[in-house]
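Structure file input.tsv (TSV, C-alpha atoms and all ligand atoms) follows.
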chain	number	residue	atom	x	y	z
G	1	MET	CA	28.95	-23.00	27.83
G	2	ALA	CA	28.40	-24.76	24.50
G	3	ALA	CA	30.64	-27.78	23.90
G	4	LYS	CA	33.55	-26.92	21.65
G	5	ALA	CA	33.28	-28.62	18.24
G	6	PRO	CA	36.03	-31.22	17.80
G	7	ALA	CA	38.82	-29.98	15.55
G	8	ASN	CA	38.72	-33.11	13.40
G	9	ASN	CA	36.32	-35.85	12.47
G	10	ARG	CA	37.22	-38.13	15.37
G	11	LEU	CA	33.87	-37.53	17.12
G	12	ALA	CA	32.10	-38.55	13.90
G	13	GLN	CA	34.18	-41.76	13.88
G	14	ILE	CA	33.07	-42.59	17.42
G	15	ASN	CA	29.45	-41.73	16.63
G	16	GLN	CA	29.62	-43.98	13.60
G	17	ALA	CA	30.76	-46.84	15.84
G	18	PHE	CA	27.84	-46.14	18.18
G	19	HIS	CA	25.40	-46.19	15.25
G	20	GLY	CA	26.93	-49.47	14.08
G	21	PHE	CA	26.50	-50.94	17.57
G	22	THR	CA	22.83	-49.91	17.61
G	23	ALA	CA	22.17	-51.16	14.09
G	24	PHE	CA	23.82	-54.48	14.93
G	25	HIS	CA	21.67	-54.97	18.02
G	26	THR	CA	18.58	-54.09	16.01
G	27	LEU	CA	19.56	-57.05	13.85
G	28	THR	CA	20.38	-59.41	16.73
G	29	ILE	CA	17.13	-58.65	18.58
G	30	GLY	CA	15.18	-59.03	15.34
G	31	ALA	CA	16.82	-62.44	14.82
G	32	GLU	CA	16.38	-63.57	18.43
G	33	LEU	CA	12.66	-62.65	18.53
G	34	ASN	CA	11.85	-63.91	14.99
G	35	LEU	CA	10.77	-60.41	13.99
G	36	PHE	CA	12.45	-60.69	10.59
G	37	LEU	CA	11.05	-64.17	9.98
G	38	GLN	CA	7.54	-62.96	10.73
G	39	LEU	CA	7.86	-59.88	8.55
G	40	GLY	CA	9.29	-62.07	5.78
G	41	ALA	CA	6.11	-64.17	5.88
G	42	TRP	CA	3.99	-61.06	5.20
G	43	PRO	CA	5.27	-59.40	2.00
G	44	SER	CA	2.73	-56.57	2.28
G	45	GLY	CA	4.02	-55.85	5.79
G	46	LEU	CA	2.63	-55.66	9.30
G	47	THR	CA	1.85	-52.83	11.68
G	48	PRO	CA	3.89	-52.97	14.90
G	49	GLY	CA	0.67	-53.98	16.68
G	50	GLU	CA	0.05	-56.89	14.30
G	51	LEU	CA	3.68	-58.00	14.49
G	52	ALA	CA	3.65	-57.87	18.29
G	53	ALA	CA	0.35	-59.78	18.50
G	54	GLN	CA	1.55	-62.53	16.17
G	55	LEU	CA	4.72	-63.09	18.20
G	56	GLY	CA	3.22	-62.49	21.66
G	57	LEU	CA	5.45	-59.45	22.27
G	58	HIS	CA	4.93	-56.08	23.97
G	59	ALA	CA	3.59	-53.77	21.23
G	60	PRO	CA	5.19	-50.46	22.29
G	61	TYR	CA	8.65	-52.05	22.34
G	62	VAL	CA	8.03	-53.63	18.93
G	63	ARG	CA	7.04	-50.22	17.55
G	64	THR	CA	10.37	-48.75	18.68
G	65	TRP	CA	12.22	-51.71	17.18
G	66	CYS	CA	10.39	-51.25	13.84
G	67	GLU	CA	11.18	-47.55	13.75
G	68	THR	CA	14.84	-48.17	14.58
G	69	ALA	CA	15.05	-50.93	11.96
G	70	PHE	CA	13.46	-48.51	9.47
G	71	ALA	CA	15.99	-45.82	10.43
G	72	ASN	CA	18.73	-48.32	9.60
G	73	ALA	CA	17.07	-49.27	6.30
G	74	PHE	CA	16.42	-52.89	7.36
G	75	LEU	CA	12.66	-52.23	7.02
G	76	ASP	CA	10.55	-50.22	4.57
G	77	PHE	CA	7.37	-48.40	5.55
G	78	ASP	CA	4.05	-47.99	3.76
G	79	ALA	CA	2.53	-44.70	4.93
G	80	GLN	CA	-0.90	-45.61	3.53
G	81	THR	CA	-1.32	-48.80	5.53
G	82	GLY	CA	1.00	-47.96	8.44
G	83	ARG	CA	2.78	-51.27	7.83
G	84	PHE	CA	6.48	-52.08	7.99
G	85	ARG	CA	7.94	-54.72	5.69
G	86	LEU	CA	11.33	-56.32	5.23
G	87	GLY	CA	13.67	-54.18	3.11
G	88	GLY	CA	14.18	-55.42	-0.46
G	89	GLY	CA	16.98	-57.95	-0.88
G	90	LEU	CA	16.99	-58.93	2.81
G	91	GLU	CA	14.65	-61.93	2.51
G	92	GLU	CA	17.29	-64.64	2.02
G	93	LEU	CA	19.61	-63.00	4.54
G	94	LEU	CA	17.13	-62.53	7.37
G	95	ALA	CA	13.92	-64.43	6.70
G	96	GLN	CA	14.79	-67.71	4.93
G	97	PRO	CA	16.44	-70.08	7.43
G	98	GLY	CA	17.13	-72.78	4.83
G	99	HIS	CA	18.99	-70.41	2.49
G	100	PRO	CA	22.82	-70.67	2.42
G	101	ASN	CA	23.07	-66.89	2.85
G	102	PHE	CA	20.78	-66.83	5.90
G	103	GLN	CA	22.41	-64.81	8.69
G	104	GLY	CA	19.81	-65.31	11.43
G	105	GLY	CA	21.68	-67.97	13.45
G	106	PHE	CA	24.91	-66.04	13.23
G	107	LEU	CA	23.21	-62.85	14.46
G	108	GLN	CA	21.60	-64.72	17.34
G	109	MET	CA	24.98	-66.10	18.29
G	110	PHE	CA	26.44	-62.65	18.56
G	111	GLY	CA	23.36	-61.21	20.22
G	112	THR	CA	23.20	-63.77	22.98
G	113	TYR	CA	26.49	-65.58	23.22
G	114	PHE	CA	29.06	-62.86	22.65
G	115	SER	CA	27.17	-60.16	24.54
G	116	GLN	CA	27.65	-62.31	27.66
G	117	GLU	CA	31.26	-62.95	26.71
G	118	PHE	CA	31.97	-59.22	26.47
G	119	LEU	CA	30.50	-58.55	29.92
G	120	GLU	CA	33.16	-60.83	31.34
G	121	LEU	CA	36.07	-59.40	29.35
G	122	PRO	CA	37.12	-56.42	31.54
G	123	LYS	CA	37.59	-58.80	34.50
G	124	LEU	CA	39.55	-61.25	32.33
G	125	PHE	CA	41.79	-58.47	31.01
G	126	ARG	CA	42.65	-57.74	34.66
G	127	ASN	CA	43.28	-61.29	35.83
G	128	GLY	CA	44.47	-62.90	32.60
G	129	GLN	CA	42.22	-65.92	33.10
G	130	GLN	CA	40.29	-67.68	30.34
G	131	SER	CA	36.60	-67.13	29.71
G	132	SER	CA	34.18	-69.25	31.72
G	133	SER	CA	32.11	-69.74	28.56
G	134	ARG	CA	32.97	-73.42	28.02
G	135	GLU	CA	29.50	-74.43	29.21
G	136	ARG	CA	27.82	-71.92	26.94
G	137	ARG	CA	29.80	-73.27	23.99
G	138	GLN	CA	27.27	-76.00	23.35
G	139	HIS	CA	24.96	-73.27	22.04
G	140	PHE	CA	27.85	-71.96	20.00
G	141	ALA	CA	28.33	-75.38	18.37
G	142	ALA	CA	24.58	-75.51	17.64
G	143	LEU	CA	24.64	-72.11	16.00
G	144	LEU	CA	27.66	-73.02	13.93
G	145	LYS	CA	25.83	-76.02	12.55
G	146	GLY	CA	24.12	-74.08	9.74
G	147	ARG	CA	27.32	-72.27	8.86
G	148	GLY	CA	29.25	-75.52	8.55
G	149	ARG	CA	27.04	-76.52	5.64
G	150	SER	CA	27.66	-73.22	3.85
G	151	ARG	CA	31.39	-73.71	4.40
G	152	GLY	CA	30.95	-77.14	2.77
G	153	MET	CA	29.34	-75.45	-0.22
G	154	LEU	CA	32.15	-72.91	-0.31
G	155	PHE	CA	34.69	-75.72	-0.22
G	156	GLU	CA	33.02	-77.37	-3.19
G	157	SER	CA	32.44	-74.23	-5.27
G	158	ARG	CA	35.50	-72.11	-4.46
G	159	VAL	CA	38.19	-74.31	-2.95
G	160	LEU	CA	38.08	-77.43	-5.13
G	161	PRO	CA	38.61	-75.50	-8.40
G	162	LEU	CA	41.88	-74.26	-6.87
G	163	LEU	CA	43.17	-77.78	-6.26
G	164	PRO	CA	43.89	-79.44	-9.62
G	165	GLY	CA	42.98	-83.11	-9.72
G	166	LEU	CA	41.26	-83.16	-6.32
G	167	PRO	CA	37.65	-82.88	-7.57
G	168	GLU	CA	38.22	-85.92	-9.81
G	169	ARG	CA	39.83	-87.87	-6.97
G	170	LEU	CA	36.97	-86.99	-4.62
G	171	ARG	CA	34.47	-88.16	-7.20
G	172	ALA	CA	36.38	-91.43	-7.62
G	173	GLY	CA	36.62	-91.86	-3.84
G	174	VAL	CA	39.42	-91.07	-1.35
G	175	ALA	CA	39.76	-91.15	2.45
G	176	CYS	CA	39.15	-87.79	4.18
G	177	LEU	CA	39.81	-86.65	7.73
G	178	ASP	CA	37.97	-83.58	9.06
G	179	LEU	CA	39.77	-82.36	12.17
G	180	GLY	CA	37.57	-80.22	14.43
G	181	CYS	CA	34.41	-81.31	12.64
G	182	GLY	CA	32.17	-79.48	15.15
G	183	ALA	CA	28.50	-80.24	14.57
G	184	GLY	CA	29.52	-82.20	11.47
G	185	SER	CA	27.65	-80.19	8.87
G	186	PHE	CA	30.77	-79.33	6.82
G	187	LEU	CA	31.73	-82.99	6.64
G	188	LEU	CA	28.18	-84.21	6.01
G	189	TYR	CA	27.77	-81.80	3.14
G	190	LEU	CA	30.93	-83.15	1.49
G	191	ALA	CA	29.88	-86.74	2.21
G	192	GLU	CA	26.60	-86.04	0.43
G	193	ARG	CA	28.41	-84.59	-2.59
G	194	PHE	CA	31.14	-87.26	-2.75
G	195	PRO	CA	29.49	-90.55	-1.82
G	196	ASN	CA	32.47	-92.65	-3.00
G	197	CYS	CA	34.74	-91.12	-0.33
G	198	THR	CA	35.10	-92.15	3.27
G	199	PHE	CA	34.98	-89.41	5.91
G	200	CYS	CA	36.20	-89.42	9.47
G	201	GLY	CA	35.28	-86.42	11.62
G	202	VAL	CA	36.97	-85.84	14.97
G	203	ASP	CA	36.36	-83.15	17.54
G	204	VAL	CA	37.31	-82.63	21.16
G	205	ASP	CA	33.95	-81.12	22.19
G	206	PRO	CA	31.38	-83.71	23.38
G	207	HIS	CA	28.45	-81.34	22.65
G	208	ALA	CA	29.62	-80.87	19.07
G	209	ILE	CA	30.13	-84.64	18.70
G	210	ALA	CA	26.61	-85.32	19.99
G	211	MET	CA	25.25	-82.92	17.39
G	212	ALA	CA	27.37	-84.47	14.66
G	213	GLN	CA	26.04	-87.92	15.63
G	214	GLU	CA	22.49	-86.55	15.35
G	215	GLY	CA	23.33	-85.16	11.90
G	216	LEU	CA	24.70	-88.56	10.93
G	217	ARG	CA	21.47	-90.20	12.06
G	218	ASP	CA	19.34	-87.63	10.18
G	219	ALA	CA	21.37	-88.33	7.05
G	220	GLY	CA	20.55	-92.05	7.44
G	221	PHE	CA	24.05	-93.08	8.63
G	222	PRO	CA	25.74	-92.79	5.22
G	223	ALA	CA	28.18	-95.64	4.60
G	224	GLY	CA	31.79	-94.64	5.10
G	225	VAL	CA	31.15	-91.69	7.43
G	226	ARG	CA	32.22	-91.86	11.05
G	227	ILE	CA	32.55	-89.35	13.85
G	228	GLU	CA	34.83	-89.68	16.87
G	229	GLN	CA	35.41	-87.64	19.98
G	230	LEU	CA	39.15	-87.09	20.02
G	231	GLU	CA	41.54	-84.27	20.75
G	232	GLY	CA	43.57	-83.25	17.69
G	233	ASN	CA	46.82	-84.20	19.46
G	234	ASP	CA	45.48	-87.67	20.18
G	235	LEU	CA	44.92	-88.85	16.61
G	236	ARG	CA	46.10	-92.40	16.26
G	237	TYR	CA	46.02	-92.85	12.51
G	238	ASP	CA	48.95	-93.81	10.35
G	239	ALA	CA	48.98	-93.03	6.61
G	240	ALA	CA	45.21	-93.46	6.55
G	241	PHE	CA	43.92	-90.36	4.72
G	242	ASP	CA	44.43	-88.71	1.34
G	243	LEU	CA	42.95	-85.39	2.45
G	244	ALA	CA	42.75	-83.67	5.84
G	245	THR	CA	40.49	-80.64	6.19
G	246	MET	CA	40.39	-78.11	9.02
G	247	SER	CA	37.52	-75.70	8.64
G	248	LEU	CA	37.78	-72.78	11.08
G	249	VAL	CA	39.74	-74.95	13.48
G	250	LEU	CA	43.44	-74.12	13.39
G	251	HIS	CA	43.14	-70.93	15.44
G	252	GLU	CA	41.03	-72.74	18.06
G	253	ILE	CA	43.43	-75.59	18.81
G	254	ASP	CA	45.17	-74.77	22.10
G	255	TYR	CA	48.50	-73.28	21.18
G	256	ASP	CA	50.35	-75.57	23.60
G	257	ILE	CA	49.24	-78.67	21.72
G	258	ARG	CA	48.95	-77.23	18.21
G	259	ARG	CA	52.32	-78.47	16.96
G	260	GLN	CA	51.56	-81.96	18.26
G	261	ALA	CA	48.09	-81.94	16.67
G	262	LEU	CA	49.62	-81.04	13.29
G	263	THR	CA	52.32	-83.67	13.75
G	264	ASP	CA	49.51	-86.19	14.20
G	265	VAL	CA	47.75	-84.88	11.09
G	266	TYR	CA	50.98	-85.31	9.12
G	267	ARG	CA	51.30	-88.89	10.34
G	268	ALA	CA	47.62	-89.56	9.57
G	269	LEU	CA	48.06	-88.48	5.95
G	270	LYS	CA	49.15	-90.84	3.21
G	271	GLN	CA	52.12	-89.88	1.05
G	272	PRO	CA	51.16	-87.98	-1.06
G	273	GLY	CA	48.52	-86.34	1.06
G	274	LEU	CA	46.97	-82.91	1.25
G	275	LEU	CA	46.15	-80.67	4.21
G	276	ALA	CA	43.52	-78.02	3.37
G	277	ILE	CA	43.01	-75.37	6.03
G	278	LEU	CA	40.06	-73.00	5.67
G	279	ASP	CA	40.31	-70.13	8.12
G	280	PHE	CA	40.18	-66.36	8.49
G	281	PRO	CA	43.56	-65.05	7.32
G	282	TYR	CA	45.49	-63.17	10.00
G	283	PRO	CA	47.84	-60.21	9.42
G	284	SER	CA	51.60	-60.69	9.13
G	285	CYS	CA	52.47	-57.06	9.88
G	286	ILE	CA	50.80	-54.09	11.59
G	287	GLU	CA	49.76	-52.48	8.27
G	288	GLU	CA	47.67	-55.53	7.43
G	289	PHE	CA	45.50	-54.97	10.50
G	290	ARG	CA	43.82	-52.23	8.45
G	291	ASN	CA	43.64	-54.29	5.28
G	292	PRO	CA	40.01	-55.44	4.77
G	293	ALA	CA	41.23	-58.86	3.56
G	294	PHE	CA	42.22	-59.61	7.16
G	295	SER	CA	39.34	-57.92	8.97
G	296	MET	CA	37.52	-61.11	9.95
G	297	GLY	CA	40.71	-62.61	11.39
G	298	VAL	CA	41.23	-59.48	13.46
G	299	ILE	CA	37.60	-59.47	14.61
G	300	ASP	CA	37.63	-63.19	15.42
G	301	GLN	CA	40.83	-62.90	17.47
G	302	PHE	CA	39.21	-60.12	19.50
G	303	TYR	CA	36.01	-62.08	20.13
G	304	GLU	CA	37.91	-65.19	21.13
G	305	VAL	CA	40.75	-63.47	22.95
G	306	ALA	CA	39.90	-65.15	26.26
G	307	TRP	CA	39.12	-68.58	24.82
G	308	GLY	CA	42.73	-69.56	24.32
G	309	SER	CA	42.25	-69.04	20.56
G	310	ARG	CA	45.29	-67.77	18.72
G	311	HIS	CA	45.31	-66.84	15.07
G	312	GLN	CA	48.67	-67.10	13.34
G	313	SER	CA	49.98	-65.29	10.29
G	314	TRP	CA	50.63	-67.33	7.17
G	315	GLU	CA	54.39	-67.11	7.81
G	316	GLU	CA	53.92	-68.50	11.33
G	317	ILE	CA	51.73	-71.32	10.04
G	318	GLN	CA	54.31	-72.30	7.43
G	319	ALA	CA	57.11	-72.09	10.00
G	320	MET	CA	55.16	-74.49	12.20
G	321	LEU	CA	54.28	-76.93	9.40
G	322	ALA	CA	57.61	-77.08	7.54
G	323	PRO	CA	59.66	-78.84	10.29
G	324	LEU	CA	56.90	-81.48	10.52
G	325	GLY	CA	57.54	-82.44	6.89
G	326	PHE	CA	54.85	-80.43	5.10
G	327	SER	CA	55.86	-78.60	1.92
G	328	ARG	CA	54.46	-76.90	-1.21
G	329	PHE	CA	52.62	-74.25	0.77
G	330	ARG	CA	50.01	-72.14	-0.91
G	331	ARG	CA	47.55	-69.56	0.35
G	332	GLU	CA	44.60	-68.31	-1.67
G	333	PHE	CA	42.25	-65.55	-0.50
G	334	LEU	CA	38.67	-66.46	-1.38
G	335	ALA	CA	37.57	-63.05	-2.64
G	336	GLY	CA	34.14	-61.93	-1.48
G	337	THR	CA	34.35	-64.21	1.58
G	338	PRO	CA	36.20	-63.73	4.88
G	339	TYR	CA	38.18	-66.95	4.32
G	340	ALA	CA	41.51	-68.01	2.95
G	341	LEU	CA	42.50	-71.47	1.82
G	342	MET	CA	45.87	-72.58	3.13
G	343	VAL	CA	47.28	-75.72	1.62
G	344	ALA	CA	50.25	-77.86	2.61
G	345	GLU	CA	51.30	-81.18	1.17
G	346	LYS	CA	52.84	-84.36	2.48
G	347	ALA	CA	54.69	-84.77	-0.76
G	348	GLY	CA	55.08	-88.21	-2.36
N	1	LIG	C1	34.63	-72.94	14.88
N	1	LIG	S1	34.36	-74.65	15.10
N	1	LIG	C2	34.34	-75.23	13.42
N	1	LIG	C3	33.51	-76.46	13.23
N	1	LIG	C4	33.43	-77.01	11.80
N	1	LIG	N1	34.71	-77.44	11.30
N	1	LIG	C5	32.81	-75.99	10.85
N	1	LIG	O1	33.43	-75.59	9.87
N	1	LIG	O2	31.67	-75.61	11.11
N	1	LIG	C6	35.94	-75.22	15.70
N	1	LIG	C7	35.92	-76.63	16.21
N	1	LIG	O3	37.26	-77.06	16.52
N	1	LIG	C8	37.20	-77.91	17.64
N	1	LIG	N2	38.52	-78.03	18.28
N	1	LIG	C9	39.19	-77.07	18.93
N	1	LIG	N3	40.34	-77.58	19.42
N	1	LIG	C10	40.38	-78.88	19.07
N	1	LIG	C11	41.32	-79.93	19.27
N	1	LIG	N4	42.42	-79.74	19.98
N	1	LIG	N5	41.03	-81.14	18.76
N	1	LIG	C12	39.90	-81.35	18.05
N	1	LIG	N6	38.98	-80.41	17.83
N	1	LIG	C13	39.22	-79.17	18.33
N	1	LIG	C14	36.15	-77.23	18.51
N	1	LIG	O4	35.64	-78.13	19.48
N	1	LIG	C15	35.11	-76.80	17.49
N	1	LIG	O5	34.12	-77.77	17.31
What does the file become when written as structure tokens?
Amino acid sequence: MAAKAPANNRLAQINQAFHGFTAFHTLTIGAELNLFLQLGAWPSGLTPGELAAQLGLHAPYVRTWCETAFANAFLDFDAQTGRFRLGGGLEELLAQPGHPNFQGGFLQMFGTYFSQEFLELPKLFRNGQQSSSRERRQHFAALLKGRGRSRGMLFESRVLPLLPGLPERLRAGVACLDLGCGAGSFLLYLAERFPNCTFCGVDVDPHAIAMAQEGLRDAGFPAGVRIEQLEGNDLRYDAAFDLATMSLVLHEIDYDIRRQALTDVYRALKQPGLLAILDFPYPSCIEEFRNPAFSMGVIDQFYEVAWGSRHQSWEEIQAMLAPLGFSRFRREFLAGTPYALMVAEKAG
């Protein structure tokens, strides 16, 4: 008997999700195997056989990948030469690793790292334990390295114009703390742009700190920049910084110690001092879970559900910061990006 057609478009919705899953893995495999990079180096395109030979891959599998990537409009095809080439406008996104919009590392991260994470999730949903991915996180820190720099650029181009007086003060030179500095690329970008400032980056993860130290060495150990391995609730600074930044960190600080970590940040700030949090905004009410402005927060909470990560709504963040002494709260959505800037002051 023929299957009965669904009475509504719910089957189409599920099929669309399946197509999205396939398209996404076409991207992650292309990033992992350098298929996009190779195609990007050959503007007139390559046949699947040429592409496979250049990368030492199995040609029949590469043919299927090319055809699937074509089906998803990531590749174009030249019927005369039988060659596939990168779709127009995708070069900087998929084939130019130095470009700030390059997505390759991010796609690899999801292809390799989170695929493993998801295999473990059903078990963790049953037993309530945390993910065993701590060891794999060193790769995660490495992959975040490139993104940290683009967040630095975003901070300069989109965040600073929202904070009157701060660009001038940064140019003149102030003391900055970057809590959860990760591989250090966010902080190093700002140090490069504002050489009169001092920067102190702290992070709890030894792998991230090792990478940040490497970055520091590659940058020629800029004067006034230091990196320390410290847990956020173990900061021992008193009125030492004018600005504290937390770039994609707040939601990752273990919830049990989060209040203490922010208490330490408050103490570490001078009076007046500014706390600038850059993070994915998280919904305050159920309706906002369907609001695209919050979609990255919702996605991130799902991916990190078993890490101990916990995103908080803006109201929750303010309720946590206010009793510590912070005031003059302000949140700005950075349109066209998944981020929001959340600012709190240690008022003078
Ligand atoms: C998503 S990464 C962001 C790294 C960097 N700020 C950036 O923008 O690329 C979050 C970082 O927060 C760090 N972190 C999490 N909890 C922390 C804590 N309690 N104290 C210090 N760092 C912490 C993690 O180790 C990780 O390096």
8 Å shell around ligand LIG 1 (chain N) using all atoms listed in the file, listed as an MDAnalysis selection string: chainID G and resid 141 144:149 151:152 178:187 202:205 208 229:233 246:250 252:254 257:258 261
Keeping C-alpha atoms, export the residues of the selection given above as a PDB file, in the coordinates of the input.
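Saved the output as again.pdb:
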ATOM      1  CA  ALA G 141      28.330 -75.380  18.370  1.00  0.00           C
ATOM      2  CA  LEU G 144      27.660 -73.020  13.930  1.00  0.00           C
ATOM      3  CA  LYS G 145      25.830 -76.020  12.550  1.00  0.00           C
ATOM      4  CA  GLY G 146      24.120 -74.080   9.740  1.00  0.00           C
ATOM      5  CA  ARG G 147      27.320 -72.270   8.860  1.00  0.00           C
ATOM      6  CA  GLY G 148      29.250 -75.520   8.550  1.00  0.00           C
ATOM      7  CA  ARG G 149      27.040 -76.520   5.640  1.00  0.00           C
ATOM      8  CA  ARG G 151      31.390 -73.710   4.400  1.00  0.00           C
ATOM      9  CA  GLY G 152      30.950 -77.140   2.770  1.00  0.00           C
ATOM     10  CA  ASP G 178      37.970 -83.580   9.060  1.00  0.00           C
ATOM     11  CA  LEU G 179      39.770 -82.360  12.170  1.00  0.00           C
ATOM     12  CA  GLY G 180      37.570 -80.220  14.430  1.00  0.00           C
ATOM     13  CA  CYS G 181      34.410 -81.310  12.640  1.00  0.00           C
ATOM     14  CA  GLY G 182      32.170 -79.480  15.150  1.00  0.00           C
ATOM     15  CA  ALA G 183      28.500 -80.240  14.570  1.00  0.00           C
ATOM     16  CA  GLY G 184      29.520 -82.200  11.470  1.00  0.00           C
ATOM     17  CA  SER G 185      27.650 -80.190   8.870  1.00  0.00           C
ATOM     18  CA  PHE G 186      30.770 -79.330   6.820  1.00  0.00           C
ATOM     19  CA  LEU G 187      31.730 -82.990   6.640  1.00  0.00           C
ATOM     20  CA  VAL G 202      36.970 -85.840  14.970  1.00  0.00           C
ATOM     21  CA  ASP G 203      36.360 -83.150  17.540  1.00  0.00           C
ATOM     22  CA  VAL G 204      37.310 -82.630  21.160  1.00  0.00           C
ATOM     23  CA  ASP G 205      33.950 -81.120  22.190  1.00  0.00           C
ATOM     24  CA  ALA G 208      29.620 -80.870  19.070  1.00  0.00           C
ATOM     25  CA  GLN G 229      35.410 -87.640  19.980  1.00  0.00           C
ATOM     26  CA  LEU G 230      39.150 -87.090  20.020  1.00  0.00           C
ATOM     27  CA  GLU G 231      41.540 -84.270  20.750  1.00  0.00           C
ATOM     28  CA  GLY G 232      43.570 -83.250  17.690  1.00  0.00           C
ATOM     29  CA  ASN G 233      46.820 -84.200  19.460  1.00  0.00           C
ATOM     30  CA  MET G 246      40.390 -78.110   9.020  1.00  0.00           C
ATOM     31  CA  SER G 247      37.520 -75.700   8.640  1.00  0.00           C
ATOM     32  CA  LEU G 248      37.780 -72.780  11.080  1.00  0.00           C
ATOM     33  CA  VAL G 249      39.740 -74.950  13.480  1.00  0.00           C
ATOM     34  CA  LEU G 250      43.440 -74.120  13.390  1.00  0.00           C
ATOM     35  CA  GLU G 252      41.030 -72.740  18.060  1.00  0.00           C
ATOM     36  CA  ILE G 253      43.430 -75.590  18.810  1.00  0.00           C
ATOM     37  CA  ASP G 254      45.170 -74.770  22.100  1.00  0.00           C
ATOM     38  CA  ILE G 257      49.240 -78.670  21.720  1.00  0.00           C
ATOM     39  CA  ARG G 258      48.950 -77.230  18.210  1.00  0.00           C
ATOM     40  CA  ALA G 261      48.090 -81.940  16.670  1.00  0.00           C
TER      41      ALA G 261
END
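Using all atoms listed in the file, the shortest contact distance between Pro281 (chain G) and any of G:Gly89, G:Pro338, G:Gly111, G:Pro323 is found at G:Pro338.
Proximity to Arg328 (chain G) was assessed for G:Val343, G:Met153, G:Leu170, G:Ile277 counting only C-alpha atoms; the smallest distance is recorded for G:Val343.
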One-decimal distance in Å that lies between CA of Gln116 (chain G) and CA of Ala71 (chain G): 26.5 Å
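What separates CA of Ser132 (chain G) from CA of Leu235 (chain G) is a distance of 27.0 Å.
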- prompt: What's the 12 Å shell around Gln301 (chain G), counting all atoms listed in the file, without same-chain residues fewer than 6 positions away, as a VMD selection string?
  reply: chain G and resid 251 to 252 279 to 283 289 294 to 295 307 to 313
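The coordinates place CA of Arg259 (chain G) at 6.8 Å from CA of Met320 (chain G).
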Up to 8 Å from (1.5, -52.0, 18.4) in the file's coordinates: name the residues, counting all atoms listed in the file, as a PDB file with C-alpha atoms, in the coordinates of the input.
ATOM      1  CA  THR G  47       1.850 -52.830  11.680  1.00  0.00           C
ATOM      2  CA  PRO G  48       3.890 -52.970  14.900  1.00  0.00           C
ATOM      3  CA  GLY G  49       0.670 -53.980  16.680  1.00  0.00           C
ATOM      4  CA  GLU G  50       0.050 -56.890  14.300  1.00  0.00           C
ATOM      5  CA  LEU G  51       3.680 -58.000  14.490  1.00  0.00           C
ATOM      6  CA  ALA G  52       3.650 -57.870  18.290  1.00  0.00           C
ATOM      7  CA  ALA G  53       0.350 -59.780  18.500  1.00  0.00           C
ATOM      8  CA  HIS G  58       4.930 -56.080  23.970  1.00  0.00           C
ATOM      9  CA  ALA G  59       3.590 -53.770  21.230  1.00  0.00           C
ATOM     10  CA  PRO G  60       5.190 -50.460  22.290  1.00  0.00           C
ATOM     11  CA  VAL G  62       8.030 -53.630  18.930  1.00  0.00           C
ATOM     12  CA  ARG G  63       7.040 -50.220  17.550  1.00  0.00           C
TER      13      ARG G  63
END
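Candidate residues G:Ala219, G:Ala340, G:Leu160, G:Leu275 were compared for distance to Met296 (chain G), and the nearest is G:Ala340, using only C-alpha atoms.
For the set G:Ile299, G:Ala223, G:Cys197, G:Leu119, the residue with the smallest atom-to-atom gap to Leu166 (chain G) is G:Cys197, counting all atoms listed in the file.
For Val225 (chain G), the residues within 9 Å (counting all atoms listed in the file, excluding itself and residues fewer than 4 positions away along the chain) are Leu187, Leu188, Ala191, Cys197, Thr198, Phe199, Cys200, Gly201, Leu216 and Phe221 of chain G.
Restricting the calculation to all atoms listed in the file, the smallest distance between Gly40 (chain G) and any of G:Gln96, G:Gln260, G:Gln213, G:Gln54 is found for G:Gln96.
The nearest approach to Tyr113 (chain G) among the residues G:Glu287, G:Glu345, G:Asp234, G:Glu32, with all atoms listed in the file taken into account, belongs to G:Glu32.
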message: Neighbouring residues of Phe36 (chain G) were defined as those with any atom within 8 Å, considering all atoms listed in the file; residues of the same chain fewer than 6 positions away were excluded. Please report them as a PyMOL selection string.
response: chain G and resi 30+86+94-95
